[in-house]
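Coordinates as given in work_8.txt (compact mmCIF, C-alpha atoms and all ligand atoms):
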```txt
# COMPACT_ATOMS: atom_id res chain seq x y z
CA MET A 53 0.00 0.00 0.00
CA ALA A 54 1.35 3.45 -0.93
CA ALA A 55 1.80 5.78 2.04
CA VAL A 56 -1.23 7.88 2.92
CA VAL A 57 -0.11 11.46 3.52
CA TYR A 58 -2.57 13.33 5.71
CA PRO A 59 -2.91 17.13 5.54
CA PRO A 60 -2.49 19.20 8.74
CA ARG A 61 -4.94 18.28 11.50
CA LEU A 62 -5.81 19.89 14.84
CA PRO A 63 -6.00 17.36 17.72
CA LEU A 64 -9.62 18.06 18.74
CA ALA A 65 -11.17 14.58 18.93
CA ARG A 66 -10.67 11.86 21.53
CA ARG A 67 -9.09 9.11 19.45
CA ALA A 68 -8.80 6.18 18.99
CA THR A 69 -12.40 5.37 19.94
CA PRO A 70 -13.16 1.84 21.21
CA LEU A 71 -14.75 -0.97 19.20
CA GLU A 72 -17.15 -2.87 21.47
CA PRO A 73 -19.37 -5.93 20.92
CA LEU A 74 -23.08 -5.78 21.79
CA ASP A 75 -23.15 -9.17 23.49
CA ARG A 76 -26.51 -8.93 25.22
CA LEU A 77 -28.21 -7.86 22.00
CA GLY A 78 -26.35 -10.64 20.17
CA THR A 79 -27.65 -13.26 22.58
CA LEU A 80 -31.19 -12.01 22.01
CA LEU A 81 -30.86 -11.88 18.22
CA GLY A 82 -28.90 -15.07 17.76
CA GLY A 83 -27.52 -13.57 14.54
CA PRO A 84 -24.18 -12.03 13.64
CA ARG A 85 -22.25 -10.33 16.38
CA ILE A 86 -22.65 -6.54 16.15
CA TRP A 87 -19.67 -4.40 17.08
CA VAL A 88 -19.99 -0.69 17.71
CA LYS A 89 -17.24 1.78 16.87
CA ARG A 90 -17.86 4.29 19.64
CA ASP A 91 -17.52 7.59 17.81
CA ASP A 92 -20.10 8.91 20.24
CA LEU A 93 -17.04 9.07 22.54
CA THR A 94 -14.99 11.46 20.39
CA GLY A 95 -15.83 14.13 22.96
CA CYS A 96 -18.42 14.98 25.62
CA ALA A 97 -20.29 17.99 24.24
CA THR A 98 -18.33 17.53 20.99
CA THR A 99 -19.58 13.93 20.68
CA GLY A 100 -19.96 12.35 17.27
CA ASN A 101 -18.56 12.17 13.78
CA LYS A 102 -18.22 15.86 12.98
CA VAL A 103 -15.22 16.47 15.20
CA ARG A 104 -13.15 14.01 13.14
CA LYS A 105 -13.85 16.03 9.99
CA LEU A 106 -13.48 19.38 11.71
CA GLU A 107 -9.95 18.49 12.83
CA PHE A 108 -8.95 18.91 9.18
CA THR A 109 -11.42 21.63 8.20
CA LEU A 110 -10.42 23.89 11.09
CA ALA A 111 -6.72 23.27 10.52
CA ARG A 112 -7.21 24.67 7.01
CA ALA A 113 -9.26 27.60 8.29
CA ARG A 114 -6.63 28.48 10.86
CA ALA A 115 -3.77 28.20 8.38
CA ALA A 116 -5.64 30.66 6.15
CA GLY A 117 -5.89 33.12 9.07
CA ALA A 118 -9.67 32.80 9.39
CA ASP A 119 -11.27 34.26 12.52
CA THR A 120 -14.95 33.60 11.76
CA LEU A 121 -16.56 30.25 10.93
CA ILE A 122 -19.83 30.23 9.00
CA THR A 123 -21.73 27.00 8.62
CA ALA A 124 -25.26 25.70 8.17
CA GLY A 125 -27.68 22.91 8.98
CA GLY A 126 -30.97 22.00 10.58
CA LEU A 127 -32.05 23.62 13.82
CA GLN A 128 -30.80 20.56 15.71
CA SER A 129 -27.67 20.08 13.61
CA ASN A 130 -24.95 18.09 15.40
CA HIS A 131 -22.43 19.55 12.98
CA CYS A 132 -23.39 23.12 13.88
CA ARG A 133 -23.17 22.32 17.59
CA ALA A 134 -19.71 20.78 17.17
CA THR A 135 -18.57 23.81 15.13
CA ALA A 136 -19.94 26.22 17.75
CA LEU A 137 -18.07 24.47 20.56
CA LEU A 138 -14.81 23.94 18.67
CA GLY A 139 -14.88 27.50 17.34
CA ALA A 140 -15.23 28.73 20.94
CA ARG A 141 -12.32 26.53 21.97
CA LEU A 142 -10.15 27.96 19.20
CA GLY A 143 -11.17 31.56 19.92
CA MET A 144 -13.02 31.99 16.63
CA ARG A 145 -16.39 33.65 16.03
CA VAL A 146 -19.06 31.18 14.84
CA HIS A 147 -22.14 32.10 12.83
CA LEU A 148 -24.72 29.38 12.22
CA LEU A 149 -27.32 29.52 9.43
CA LEU A 150 -30.08 27.27 10.70
CA ARG A 151 -33.05 25.78 8.84
CA GLU A 152 -36.28 25.94 10.82
CA GLU A 153 -38.32 22.77 10.95
CA GLY A 154 -41.74 24.20 11.87
CA ASP A 155 -43.49 27.54 12.26
CA ALA A 156 -43.48 27.87 16.02
CA ALA A 157 -40.54 29.56 17.74
CA PRO A 158 -38.52 26.51 18.78
CA PRO A 159 -37.32 26.19 22.37
CA ALA A 160 -33.56 26.36 22.92
CA ARG A 161 -32.90 22.73 23.74
CA GLY A 162 -30.68 19.91 22.55
CA ASN A 163 -28.02 21.07 20.08
CA LEU A 164 -29.46 24.59 19.78
CA LEU A 165 -29.07 25.09 23.51
CA LEU A 166 -25.36 24.27 23.23
CA ASP A 167 -24.94 26.49 20.14
CA LEU A 168 -26.22 29.44 22.14
CA LEU A 169 -24.30 28.48 25.26
CA ALA A 170 -21.08 28.44 23.22
CA GLY A 171 -21.83 32.00 22.08
CA ALA A 172 -22.53 31.22 18.44
CA GLU A 173 -24.44 33.79 16.44
CA VAL A 174 -27.57 32.13 15.08
CA SER A 175 -29.64 33.17 12.05
CA ARG A 176 -32.80 31.16 11.37
CA TYR A 177 -34.48 30.73 8.01
CA SER A 178 -37.66 29.02 6.92
CA LYS A 179 -37.14 25.66 5.24
CA PRO A 180 -38.12 26.87 1.73
CA TYR A 181 -35.98 30.01 1.97
CA TYR A 182 -32.98 28.06 3.28
CA ARG A 183 -33.31 25.46 0.54
CA ALA A 184 -33.55 28.04 -2.22
CA HIS A 185 -30.92 30.49 -0.97
CA LEU A 186 -28.27 28.70 1.10
CA GLN A 187 -25.38 29.49 -1.22
CA GLU A 188 -26.44 33.12 -1.38
CA LEU A 189 -26.69 33.24 2.42
CA TYR A 190 -23.12 31.97 2.79
CA GLU A 191 -21.92 34.64 0.35
CA ARG A 192 -23.92 37.39 1.98
CA TRP A 193 -22.63 36.63 5.47
CA CYS A 194 -19.04 36.27 4.25
CA ASP A 195 -19.33 39.70 2.61
CA HIS A 196 -20.83 41.07 5.82
CA TYR A 197 -17.83 39.96 7.89
CA ARG A 198 -15.25 40.98 5.27
CA ALA A 199 -16.75 44.47 5.20
CA ARG A 200 -16.02 44.65 8.94
CA GLY A 201 -12.40 43.59 8.57
CA ALA A 202 -12.92 39.96 9.63
CA ASN A 203 -11.72 36.86 7.78
CA PRO A 204 -14.67 34.46 7.39
CA TRP A 205 -14.34 30.77 6.52
CA PRO A 206 -17.44 29.04 5.11
CA ILE A 207 -17.79 25.37 6.07
CA PRO A 208 -20.22 23.30 3.97
CA VAL A 209 -23.16 21.47 5.57
CA GLY A 210 -21.81 18.59 7.67
CA ALA A 211 -18.21 19.62 6.84
CA SER A 212 -18.73 17.20 3.98
CA ASP A 213 -16.26 18.05 1.24
CA GLY A 214 -12.84 16.88 0.08
CA THR A 215 -11.17 18.11 3.28
CA GLY A 216 -13.75 16.56 5.62
CA VAL A 217 -13.25 13.19 3.90
CA TRP A 218 -9.98 12.81 5.80
CA GLY A 219 -11.85 12.46 9.10
CA TYR A 220 -13.23 9.04 8.22
CA VAL A 221 -10.17 7.96 6.26
CA GLY A 222 -8.55 8.34 9.69
CA CYS A 223 -11.32 6.30 11.30
CA ALA A 224 -10.73 3.51 8.75
CA ALA A 225 -7.06 3.48 9.79
CA GLU A 226 -8.19 2.89 13.40
CA LEU A 227 -10.50 0.09 12.29
CA VAL A 228 -7.54 -1.87 10.86
CA GLU A 229 -6.11 -2.09 14.36
CA ASP A 230 -9.55 -2.62 15.95
CA PHE A 231 -10.28 -5.61 13.69
CA ARG A 232 -6.84 -7.09 14.33
CA LYS A 233 -7.23 -6.83 18.10
CA ALA A 234 -10.76 -8.26 18.04
CA GLY A 235 -9.70 -11.00 15.59
CA ILE A 236 -12.60 -10.26 13.22
CA CYS A 237 -13.16 -9.82 9.47
CA PRO A 238 -16.59 -8.16 9.46
CA GLY A 239 -19.12 -8.70 6.68
CA ALA A 240 -20.00 -4.99 6.51
CA ILE A 241 -19.51 -1.59 8.10
CA VAL A 242 -22.82 0.23 8.53
CA HIS A 243 -23.49 3.84 9.51
CA ALA A 244 -25.98 6.69 9.15
CA THR A 245 -25.45 8.89 6.10
CA GLY A 246 -26.77 12.47 6.09
CA SER A 247 -24.48 14.78 4.11
CA GLY A 248 -22.23 12.06 2.68
CA GLY A 249 -18.81 12.94 4.14
CA THR A 250 -18.61 10.11 6.65
CA GLN A 251 -19.49 7.62 3.94
CA ALA A 252 -17.00 9.13 1.50
CA GLY A 253 -14.21 8.91 4.09
CA LEU A 254 -15.04 5.37 5.20
CA THR A 255 -15.39 4.19 1.60
CA ALA A 256 -12.03 5.64 0.63
CA GLY A 257 -10.39 4.52 3.88
CA ALA A 258 -11.73 0.96 3.59
CA ALA A 259 -10.09 0.71 0.15
CA LEU A 260 -6.85 2.43 1.17
CA TYR A 261 -6.36 0.26 4.25
CA GLY A 262 -7.81 -2.95 2.81
CA LEU A 263 -10.61 -3.42 5.36
CA GLY A 264 -12.09 -6.09 3.09
CA CYS A 265 -15.80 -5.35 3.52
CA PRO A 266 -18.37 -2.97 2.06
CA VAL A 267 -19.30 0.28 3.76
CA ILE A 268 -23.08 0.70 3.75
CA GLY A 269 -24.60 4.12 4.35
CA MET A 270 -28.11 4.06 5.81
CA ALA A 271 -29.79 7.12 4.33
CA VAL A 272 -31.63 9.30 6.85
CA CYS A 273 -33.06 11.89 4.45
CA ASP A 274 -32.50 11.69 0.68
CA ASP A 275 -32.62 8.63 -1.58
CA ALA A 276 -29.84 6.35 -2.79
CA ALA A 277 -29.36 8.24 -6.08
CA TYR A 278 -28.75 11.48 -4.18
CA PHE A 279 -26.16 9.88 -1.91
CA GLN A 280 -24.43 8.08 -4.76
CA ALA A 281 -23.90 11.46 -6.40
CA LYS A 282 -23.00 13.34 -3.19
CA VAL A 283 -20.49 10.77 -1.91
CA ARG A 284 -18.93 10.57 -5.40
CA ALA A 285 -18.66 14.38 -5.51
CA ASP A 286 -16.91 14.50 -2.10
CA LEU A 287 -14.52 11.73 -3.19
CA ARG A 288 -13.69 13.58 -6.42
CA ASP A 289 -13.10 16.79 -4.49
CA TRP A 290 -10.80 14.88 -2.10
CA ALA A 291 -8.87 13.28 -4.98
CA ALA A 292 -8.49 16.60 -6.84
CA ARG A 293 -7.23 18.46 -3.78
CA TYR A 294 -4.92 15.84 -2.26
CA ASP A 295 -4.01 13.34 -5.01
CA PRO A 296 -4.34 10.27 -2.76
CA PRO A 297 -2.97 6.88 -3.93
CA LEU A 298 -6.42 5.64 -4.94
CA ASP A 299 -8.65 5.75 -8.03
CA VAL A 300 -11.88 7.07 -6.52
CA GLU A 301 -13.83 6.36 -9.73
CA ARG A 302 -13.48 2.63 -9.04
CA LEU A 303 -14.94 2.77 -5.53
CA ALA A 304 -18.38 1.19 -5.08
CA ILE A 305 -20.77 3.34 -3.02
CA HIS A 306 -23.41 1.32 -1.16
CA VAL A 307 -26.50 3.15 0.05
CA GLU A 308 -29.59 1.64 1.70
CA ASP A 309 -32.54 4.05 1.53
CA GLY A 310 -35.33 1.85 2.84
CA TYR A 311 -35.29 3.19 6.40
CA ILE A 312 -35.70 6.94 6.03
CA GLY A 313 -39.23 6.77 7.43
CA PRO A 314 -41.41 9.91 7.24
CA GLY A 315 -38.45 12.21 6.50
CA TYR A 316 -35.40 13.97 7.91
CA GLY A 317 -35.56 14.26 11.67
CA VAL A 318 -38.83 12.35 11.96
CA ALA A 319 -38.73 8.75 13.14
CA ASP A 320 -41.35 6.00 13.17
CA PRO A 321 -42.37 4.36 16.48
CA GLU A 322 -40.24 1.30 15.58
CA VAL A 323 -37.13 3.48 15.61
CA PHE A 324 -37.99 4.74 19.09
CA ALA A 325 -38.57 1.10 20.12
CA THR A 326 -35.05 0.26 18.89
CA ILE A 327 -33.65 3.25 20.79
CA ARG A 328 -35.33 2.03 23.98
CA GLN A 329 -34.14 -1.54 23.39
CA LEU A 330 -30.49 -0.53 22.99
CA ALA A 331 -30.61 1.75 26.03
CA ARG A 332 -32.10 -1.02 28.17
CA LEU A 333 -30.02 -3.93 26.88
CA GLU A 334 -26.67 -2.28 26.36
CA GLY A 335 -26.76 1.16 27.99
CA LEU A 336 -26.11 2.55 24.50
CA ILE A 337 -27.87 5.76 23.48
CA LEU A 338 -28.97 6.19 19.86
CA ASP A 339 -30.90 9.15 18.44
CA PRO A 340 -34.03 9.38 16.27
CA VAL A 341 -32.45 11.49 13.49
CA TYR A 342 -29.36 9.45 12.58
CA THR A 343 -28.05 6.50 14.59
CA GLY A 344 -31.44 5.15 15.73
CA LYS A 345 -32.73 5.03 12.15
CA ALA A 346 -29.52 3.49 10.86
CA PHE A 347 -29.31 0.90 13.62
CA HIS A 348 -32.97 0.02 13.19
CA GLY A 349 -32.27 -0.45 9.46
CA LEU A 350 -29.33 -2.70 10.28
CA LEU A 351 -31.49 -4.90 12.54
CA GLU A 352 -34.18 -5.12 9.87
CA GLU A 353 -31.65 -6.09 7.20
CA ILE A 354 -30.26 -8.79 9.52
CA ARG A 355 -33.80 -10.12 10.03
CA ARG A 356 -34.27 -10.22 6.25
CA GLY A 357 -31.14 -12.35 5.90
CA ARG A 358 -28.97 -9.80 4.08
CA PHE A 359 -25.95 -10.60 6.28
CA ALA A 360 -26.61 -14.33 6.64
CA GLY A 361 -23.00 -15.24 5.77
CA SER A 362 -21.41 -12.80 8.25
CA ALA A 363 -20.21 -13.69 11.73
CA ASP A 364 -19.47 -10.05 12.56
CA LEU A 365 -20.85 -6.66 11.54
CA VAL A 366 -19.63 -3.21 12.53
CA PHE A 367 -21.86 -0.23 13.26
CA ILE A 368 -20.25 3.21 13.43
CA HIS A 369 -21.94 5.12 16.25
CA THR A 370 -21.74 8.67 14.94
CA GLY A 371 -23.15 10.38 18.06
CA GLY A 372 -26.31 12.51 18.12
CA ILE A 373 -27.43 12.27 21.76
CA PHE A 374 -28.45 15.94 21.88
CA GLY A 375 -30.87 15.34 19.01
CA LEU A 376 -32.52 12.67 21.16
CA LEU A 377 -32.83 15.10 24.06
CA ALA A 378 -34.55 17.59 21.73
CA GLN A 379 -37.22 14.93 21.03
CA GLY A 380 -37.47 13.74 24.63
CA ASP A 381 -41.27 13.96 24.65
CA LEU A 382 -41.46 11.21 22.00
CA VAL A 383 -38.97 8.77 23.54
CA ASN A 384 -41.20 6.95 26.00
CA GLN A 385 -44.53 7.09 24.19
C1 LIG B 401 -25.15 11.91 14.68
C2 LIG B 401 -24.89 11.90 13.22
N1 LIG B 401 -24.72 10.73 12.59
C3 LIG B 401 -24.50 10.66 11.27
C4 LIG B 401 -24.46 11.78 10.49
C5 LIG B 401 -24.22 11.65 9.03
O1 LIG B 401 -22.90 11.99 8.71
P1 LIG B 401 -22.62 12.69 7.32
O2 LIG B 401 -23.22 14.05 7.39
O3 LIG B 401 -21.15 12.71 7.22
O4 LIG B 401 -23.28 11.87 6.27
C6 LIG B 401 -24.64 13.06 11.09
C7 LIG B 401 -24.65 14.32 10.33
O5 LIG B 401 -25.23 14.48 9.28
C8 LIG B 401 -24.85 13.11 12.49
O6 LIG B 401 -25.02 14.27 13.11
```
Would you put the structure from the file into structure tokens?
Amino acid sequence: MAAVVYPPRLPLARRATPLEPLDRLGTLLGGPRIWVKRDDLTGCATTGNKVRKLEFTLARARAAGADTLITAGGLQSNHCRATALLGARLGMRVHLLLREEGDAAPPARGNLLLDLLAGAEVSRYSKPYYRAHLQELYERWCDHYRARGANPWPIPVGASDGTGVWGYVGCAAELVEDFRKAGICPGAIVHATGSGGTQAGLTAGAALYGLGCPVIGMAVCDDAAYFQAKVRADLRDWAARYDPPLDVERLAIHVEDGYIGPGYGVADPEVFATIRQLARLEGLILDPVYTGKAFHGLLEEIRRGRFAGSADLVFIHTGGIFGLLAQGDLVNQ
């Protein structure tokens, strides 16, 4: 394998995260053993997958002399919360462009509560306006800060671009060692896919480090065609910027879009039942927006026999606990 040369990275995440088997669930299921890569432990308030990407994104921003981070997402975006907290830690101003989910003024809870606590500036937009004008909003706010002598740095939704891809290339490198220690050759690596960057990084990293199994993204919002295109675009951006020793055009991108449910951020009762089951059996907290949907999808696919030949499967726990707390009223219904 040719050497993988990483770009500069700020040490912001708790790494390496553990890989742990869900033995009590396994006994109940009687199927393949499910292992969880605990990326919910990358930090306390900075829990989840975004901090791995932001290590690279923020290193670039800093090197360019940026003092203001501008990023966007849903009102309960984990990515925005991680950016707000890490920006505070690095002494940078953070401005979040948030997409409202309903009409009512939303209470400051879950991720939004932490955004505000960390001192982030928050601008809210209706869903249709946000969808139609996001690029324009980025440009407008960058111009606003430049006019005041600041140096803004726009970060795409989910920090999913060629730079963010490195975060989960790095995770794949950890998995090599995890699999060796556990003595396993898993049949698949499964995770929630929302803006594509985690999947792009894991897909590239699995090929670079020879993990020997497919990476399957469980879509939580858009369909498989969307994610095929988005993950491919992030991989191309990565290849163009960094010239890694890998032909990204040859990488297969596996997306499962049968478990989106009613839509982004809205989960069916079965997903909440899975969240309760994992909390009670394993003390593991999933969320209704990302990991709960993806894990529920994994269990359903196991029941349907998709992984019948696999002794071991790996689930990447990408965090999201604050999104669960924002939907606390639905958890125990
Ligand atoms: C908790 C959690 N899991 C998974 C994802 C999906 O990761 P990505 O945006 O890289 O597809 C996100 C963000 O979208 C997230 O916040």
**Request:** Please measure the separation of CA of Glu322 (chain A) and atom O1 of ligand LIG 401 (chain B), giving the value in Å to one decimal.
**Result:** 21.5 Å
**Request:** List all protein, DNA and RNA residues that have at least one atom no more than 9 Å from any atom of ligand LIG 401 (chain B), counting all atoms listed in the file, and write them as a PyMOL selection string.
**Result:** chain A and resi 92+99-102+105+125+128-131+209-212+216-217+220+243-253+269+271-272+279+283+338-339+341-343+346+368-375
**Asked** Which one is closest to Glu153 (chain A): A:Leu377, A:Val318, A:Val103, A:Ala256? Count all atoms listed in the file.
**Response** A:Val318
**Asked** Restricting the calculation to all atoms listed in the file, which member of A:Ala65, A:Val57, A:Leu74, A:Ala97 is positioned closest to Leu336 (chain A)?
**Response**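 That would be A:Leu74, the residue with the smallest distance to Leu336 (chain A).
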**Nearest-residue call for Gly139 (chain A), choices A:Thr98, A:Arg104, A:Arg161, A:Glu188, using all atoms listed in the file** =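 Once distances to Gly139 (chain A) are computed over all atoms listed in the file, the minimum belongs to A:Thr98.
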**Item:** Exercise: Gly313 (chain A) partners within 12 Å, all atoms listed in the file, chain neighbours under 6 positions left out, as a list in words
**Value:**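 Contacts, in chain order: Met270, Ala271, Val272, Cys273, Asp274, Asp275, Ala319, Asp320, Pro321, Glu322, Val323, Phe324, Pro340, Val341, Tyr342, Gly344, Lys345, Ala346, His348 and Gly349 of chain A.
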With 12 Å as the cut-off and only C-alpha atoms counted, what is the closest atom pair between each nearby residue of region 326-385 of chain A and region 231-234 of chain A? Distances in Å to one decimal, ordered by chain and number, as CSV.
```
residue,atom,partner,partner_atom,distance
A:Asp364,CA,A:Phe231,CA,10.3
A:Leu365,CA,A:Phe231,CA,10.8
A:Val366,CA,A:Phe231,CA,9.7
```
Report the closest atom pair, with its distance in Å rounded to one decimal, for each residue of region 138-257 of chain A that has an atom no farther than 12 Å from region 60-63 of chain A; count all atoms listed in the file, sort by chain and then rising residue number, and write it as a Markdown table.
```
| residue | atom | partner | partner_atom | distance |
| --- | --- | --- | --- | --- |
| A:Leu138 | CA | A:Leu62 | CA | 10.6 |
| A:Arg141 | CA | A:Leu62 | CA | 11.7 |
| A:Leu142 | CA | A:Leu62 | CA | 10.1 |
| A:Thr215 | CA | A:Pro60 | CA | 10.3 |
| A:Gly216 | CA | A:Arg61 | CA | 10.7 |
| A:Trp218 | CA | A:Arg61 | CA | 9.4 |
| A:Gly219 | CA | A:Arg61 | CA | 9.3 |
| A:Gly222 | CA | A:Arg61 | CA | 10.7 |
```
Pull C-alpha atoms from the residues just selected and write them as a PDB file, in the coordinates of the input.
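Contents of again.pdb, freshly written:
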```pdb
ATOM      1  CA  LEU A 138     -14.810  23.940  18.670  1.00  0.00           C
ATOM      2  CA  ARG A 141     -12.320  26.530  21.970  1.00  0.00           C
ATOM      3  CA  LEU A 142     -10.150  27.960  19.200  1.00  0.00           C
ATOM      4  CA  THR A 215     -11.170  18.110   3.280  1.00  0.00           C
ATOM      5  CA  GLY A 216     -13.750  16.560   5.620  1.00  0.00           C
ATOM      6  CA  TRP A 218      -9.980  12.810   5.800  1.00  0.00           C
ATOM      7  CA  GLY A 219     -11.850  12.460   9.100  1.00  0.00           C
ATOM      8  CA  GLY A 222      -8.550   8.340   9.690  1.00  0.00           C
TER       9      GLY A 222
END
```
**Item:** Nearest to Pro84 (chain A), chosen from A:Asp381, A:Asp299, A:Asp167, A:Glu353, with only C-alpha atoms counted in the distances
**Value:**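 Looking only at the distances to Pro84 (chain A), the closest residue turns out to be A:Glu353.
Among the candidate residues A:Ala259, A:Val174, A:Ile327, A:Leu137, the one lying nearest to Glu301 (chain A) is A:Ala259, with distances computed using all atoms listed in the file.
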**Message:** Let me make sure I understand: among A:Trp87, A:Tyr294, A:Tyr316, A:Tyr58, which one has the smallest atom-to-atom distance to Phe367 (chain A) if we use all atoms listed in the file?
**Reply:**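 For Phe367 (chain A), the nearest of the candidates is A:Trp87.
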**Item:** Between CA of Gln379 (chain A) and CA of Gln329 (chain A), distance in Å (one decimal)
**Value:**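 Spanning CA of Gln379 (chain A) to CA of Gln329 (chain A) is a straight-line distance of 16.9 Å.
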**Item:** Pairwise distance for CA of Glu226 (chain A) and CA of Thr123 (chain A), rounded to one decimal in Å
**Value:**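 The value is 28.1 Å.
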Test item: residues at most 9 Å from Leu263 (chain A), all atoms listed in the file, excluding those fewer than 3 positions along its chain, as a compact mmCIF listing (two decimals) with C-alpha atoms, keeping the file's coordinate frame:
```
# COMPACT_ATOMS: atom_id res chain seq x y z
CA ALA A 224 -10.73 3.51 8.75
CA ALA A 225 -7.06 3.48 9.79
CA LEU A 227 -10.50 0.09 12.29
CA VAL A 228 -7.54 -1.87 10.86
CA PHE A 231 -10.28 -5.61 13.69
CA CYS A 237 -13.16 -9.82 9.47
CA PRO A 238 -16.59 -8.16 9.46
CA GLY A 257 -10.39 4.52 3.88
CA ALA A 258 -11.73 0.96 3.59
CA ALA A 259 -10.09 0.71 0.15
CA LEU A 260 -6.85 2.43 1.17
CA PRO A 266 -18.37 -2.97 2.06
```
Specify the axis-aligned box that encloses all atoms of region 194-209 of chain A listed in the file after padding of 4 Å on each side, stating its centre and edge lengths in Å to one decimal as AutoDock Vina command-line options.
```
--center_x -17.4 --center_y 33.1 --center_z 6.1 --size_x 19.4 --size_y 31.2 --size_z 15.0
```
